[in-house]
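S.K.: Before anything else, here's the structure in question.
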Amino acid sequence: MSVLDIPALGPSGPYRTRKRTTVTDASGTPALELALVPGLVATDWIDRLRGSTPPPVAETAAVLAKAADVFEYQDVLGDDLAAHEQRVARLTGTPVTVVRECDRLITMTLRDAGRAPDAARPTGCSPPGVPAAHAPSAGAAWCRAGDVLAVQAAGNSPGVHALWPEALALGYRVAVRPSQRDPLTPRRLVLALRRAGLPEDRLVLVPCEHTTADLLADRADRAVVYGGQAVVDRYRDRADVRTQGPGRSKLVVASDADRTTGLELARTGALYHAGTACTATTGVLVEREVTEFAGALAAALADVRPAPPEDDAAVLPCLPLEQAERLVAAVLDRAADAGATVRLAPRAHPLGGPGTLSAVTPAVVELPAARHPLLGLELPFPCVWVAPFDRAATDSLDDSLVLSLHTADPALLDRALDLPSVSNVYRGRPTSWTHPDVPHDGFLGEFLMRAKGLAHADEKRSDT
């Protein structure tokens with residue numbers, strides 16, 4: 001298969017650069033030549049975005065809905081949606097069923113782009129797009145906190161690109177820096193939005209190096225940045241940057257809950273999106289009989305069969321053999337150093353074909369304590385750390401994107417809700433559960449918008 005040429009998409013159309021990088025697929029075979037936008041050009045694009053005027057809210061909603069049809073039904077780079085999904089699966093090693101699910105999420109979001117902003121808007125604020133003269137005589141308006149949003153996207157899931165179109169619906173102009181692992185999904189989405197009628201100077205695709213990506217975050221009014229703990233630490237004190245870091249999502253199986261159901265919740269959460277999503281279950285804390293539960297979970301995950309990412313039966317991530325072996329070694333070495341017990345050892349499973357395509361099979365490691373540092377280690381495959389749970393020490397549950405409780409005790413649920421660095425709390429659902437009305441990590445609108453007091457003088461009487 002020929003190597004694709006992927007230009008940037010600037011405010012005046014496709015932009016090809018001298019500096020390029022070769023992107024390999026999950027087998028290690030060169031697949032793309034990706035343009036890298038230099039810093040001076042990127043900052044100029046941000047300035048041009050800021051100088052453009054957002055269209056009316058209703059007009060943008062119509063464009064986004066039309067873009068969903070373009071994304072689904074038109075060819076991009078010569079691929080219809082099915083061929084695109086196969087190509088993304090081969091490129092990233094993500095199972096094609098996961099890619100399809102993410103693409104459905106993207107189109108669903110485009111068709112209902114006002115849903116999340118409406119859910120996030122304070123009840124005392126008039127909706128965005130309502131002229132001030134038509135707003136209530138006294139109250140508040142919900143207004144943008146800036147004009148330009150920069151997005152440093154992750155490559156672990158195409159689903160990350162279902163989030164930022166909400167900013168377009170709110171009137172932001174957007175600069176997307178795609179992950180080099182998956183530039184194809186955002187490219188298809190940007191082109192779909194442009195073909196649907198969104199002007200080119202409202203949305204740009206800026207593949208670039210890390211230093212230029214940092215520059216985008218500095219020049220924009222708001223930024224959403226995906227990355228590991230080092231990225232979270234770098235931007236921790238920036239109120240204008242929202243970090244999307246490790247999920248460290250956890251499941252608690254309390255002693256009052258059915259163990260069979262608890263095992264199914266753990267298995268479902270561990271395998272979600274091939275274990276690469278931030279809402280996939282990383283840690284399982286078990287109240288009583290921890291070793292028995294860890295062994296049962298290991299048995300439940302041991303029957304997962306490796307398959308190439310384009311196969312509908314695939315549920316595991318695929319990557320070049322050398323990288324897969326490094327992941328496996330990292331788990332086994334860390335477990336040995338920590339005195340943990342490996343209940344299910346991961347394997348790098350070669351799949352044949354071109355290159356060195358390999359799947360990474362699940363791992364289950366039993367830890368001696370809930371506060372063990374490995375409980376928060378998130379790896380890009382189904383790797384579950386199982387530890388004992390003491391409900392008198394619920395602080396061990398903190399620092400979780402999702403905390404799922406398998407218990408009938410409402411007091412435990414209340415205590416979990418009080419934990420400051422837990423974003424979502426579920427009961428009786430896997431950590432991977434989603435719903436359009438449940439925010440992923442708070443509503444994006446909370447970050448992009450602000451309430452401004454707004455009042456009109458009552459024309460029927462004078463103020464006193």
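Ordered as shown in the structure tokens, chains take letters A, B, and onward, while each chain numbers its residues from 1 and ligands are numbered from 1 in the order shown.
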For stretch 301-306 of chain A, work out the shell of residues within 12 Å, counting only C-alpha atoms and skipping chain neighbours fewer than 3 positions away, then give it as a ChimeraX atom specification.

M.R.: /A:93,95,263-264,266-271,274-275,294-298,309-319,343-352,357-364,382-384

S.K.: Identify, on the basis of only C-alpha atoms, every residue whose closest approach to A:Ala42 does not exceed 12 Å; exclude the query and any residue fewer than 2 positions from it along the same chain; express the result as JSON, numbers by chain.

M.R.: {"A": [8, 9, 10, 11, 15, 17, 36, 37, 38, 39, 40, 44, 45, 46, 47, 48, 49, 150, 175, 176, 177, 204, 205, 206, 207, 208, 209, 211, 212, 213, 214, 215, 216, 217, 218, 219, 220]}

S.K.: Would you please work out which residue, of A:Leu34, A:Leu403, A:Asp409, A:Val70, is nearest to A:Arg20 when using only C-alpha atoms?

M.R.: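 Closest candidate: A:Leu34.
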
S.K.: Could you tell me how far atom CA of A:Pro246 lies from atom CA of A:Ala192, in Å and to one decimal?

M.R.: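 Going from atom CA of A:Pro246 over to atom CA of A:Ala192 covers 29.9 Å.
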
S.K.: Give the strand (DSSP E or B) residues of stretch 44-205 of chain A, as DSSP finds them on the backbone, and put them as a ChimeraX atom specification.

M.R.: /A:76,79,125-126,138-144,148-152,173-177,203-205

S.K.: Need to verify the contact set: stretch 102-108 of chain A, 6 Å, only C-alpha atoms, exclusion of same-chain residues closer than 3 positions in sequence. Can you return it as a list in words?

M.R.: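 Returned residues: Ala68, Val99, Arg111, Pro158, Gly159 and Ala162 of chain A.
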
S.K.: Leaving out A:Ala65 and any residue of its chain fewer than 4 positions from it, which residues lie within 12 Å of it when counting only C-alpha atoms, given as a short mmCIF file (atom, residue, chain, number, x, y, z; two decimals) with C-alpha atoms, in the first residue's frame?

M.R.:
```cif
data_model
loop_
_atom_site.label_atom_id
_atom_site.label_comp_id
_atom_site.auth_asym_id
_atom_site.auth_seq_id
_atom_site.Cartn_x
_atom_site.Cartn_y
_atom_site.Cartn_z
CA ALA A 58 -28.16 28.41 14.73
CA GLU A 59 -26.13 28.57 11.52
CA THR A 60 -23.22 26.73 13.13
CA ALA A 61 -25.53 24.00 14.44
CA ASP A 69 -23.56 13.39 6.87
CA VAL A 70 -20.36 14.30 5.04
CA PHE A 71 -18.27 12.38 7.60
CA GLU A 72 -20.47 9.30 7.21
CA ILE A 106 -18.43 11.84 16.60
CA THR A 107 -21.41 11.96 14.23
CA MET A 108 -23.89 11.77 17.11
CA THR A 109 -22.18 14.75 18.74
CA LEU A 110 -22.24 16.73 15.49
CA ARG A 111 -25.95 16.13 15.07
CA ASP A 112 -26.73 17.18 18.64
CA ALA A 113 -24.00 19.75 19.23
CA GLY A 114 -26.12 21.90 21.52
CA PRO A 165 -16.76 20.39 17.94
CA GLU A 166 -18.72 21.62 20.97
CA ALA A 169 -21.04 25.34 18.49
CA ALA A 192 -16.23 17.21 6.64
CA LEU A 193 -16.86 20.45 8.53
CA ARG A 195 -17.35 20.72 3.04
CA ALA A 196 -20.46 21.32 5.13
CA GLY A 197 -19.87 25.06 4.97
CA LEU A 198 -17.62 25.98 7.88
#
```

S.K.: Give me the residues within 7 Å of A:Ala340 as a VMD selection string, counting only C-alpha atoms and dropping any in the same chain fewer than 2 places off.

M.R.: chain A and resid 335 to 336 338 342 365 to 368

S.K.: Give the helix (DSSP H, G or I) residues of stretch 142-338 of chain A, as DSSP finds them on the backbone, and put them as a PyMOL selection string.

M.R.: chain A and resi 158-162+165-169+184-195+200-202+210-219+229-234+259-275+290-302+321-338
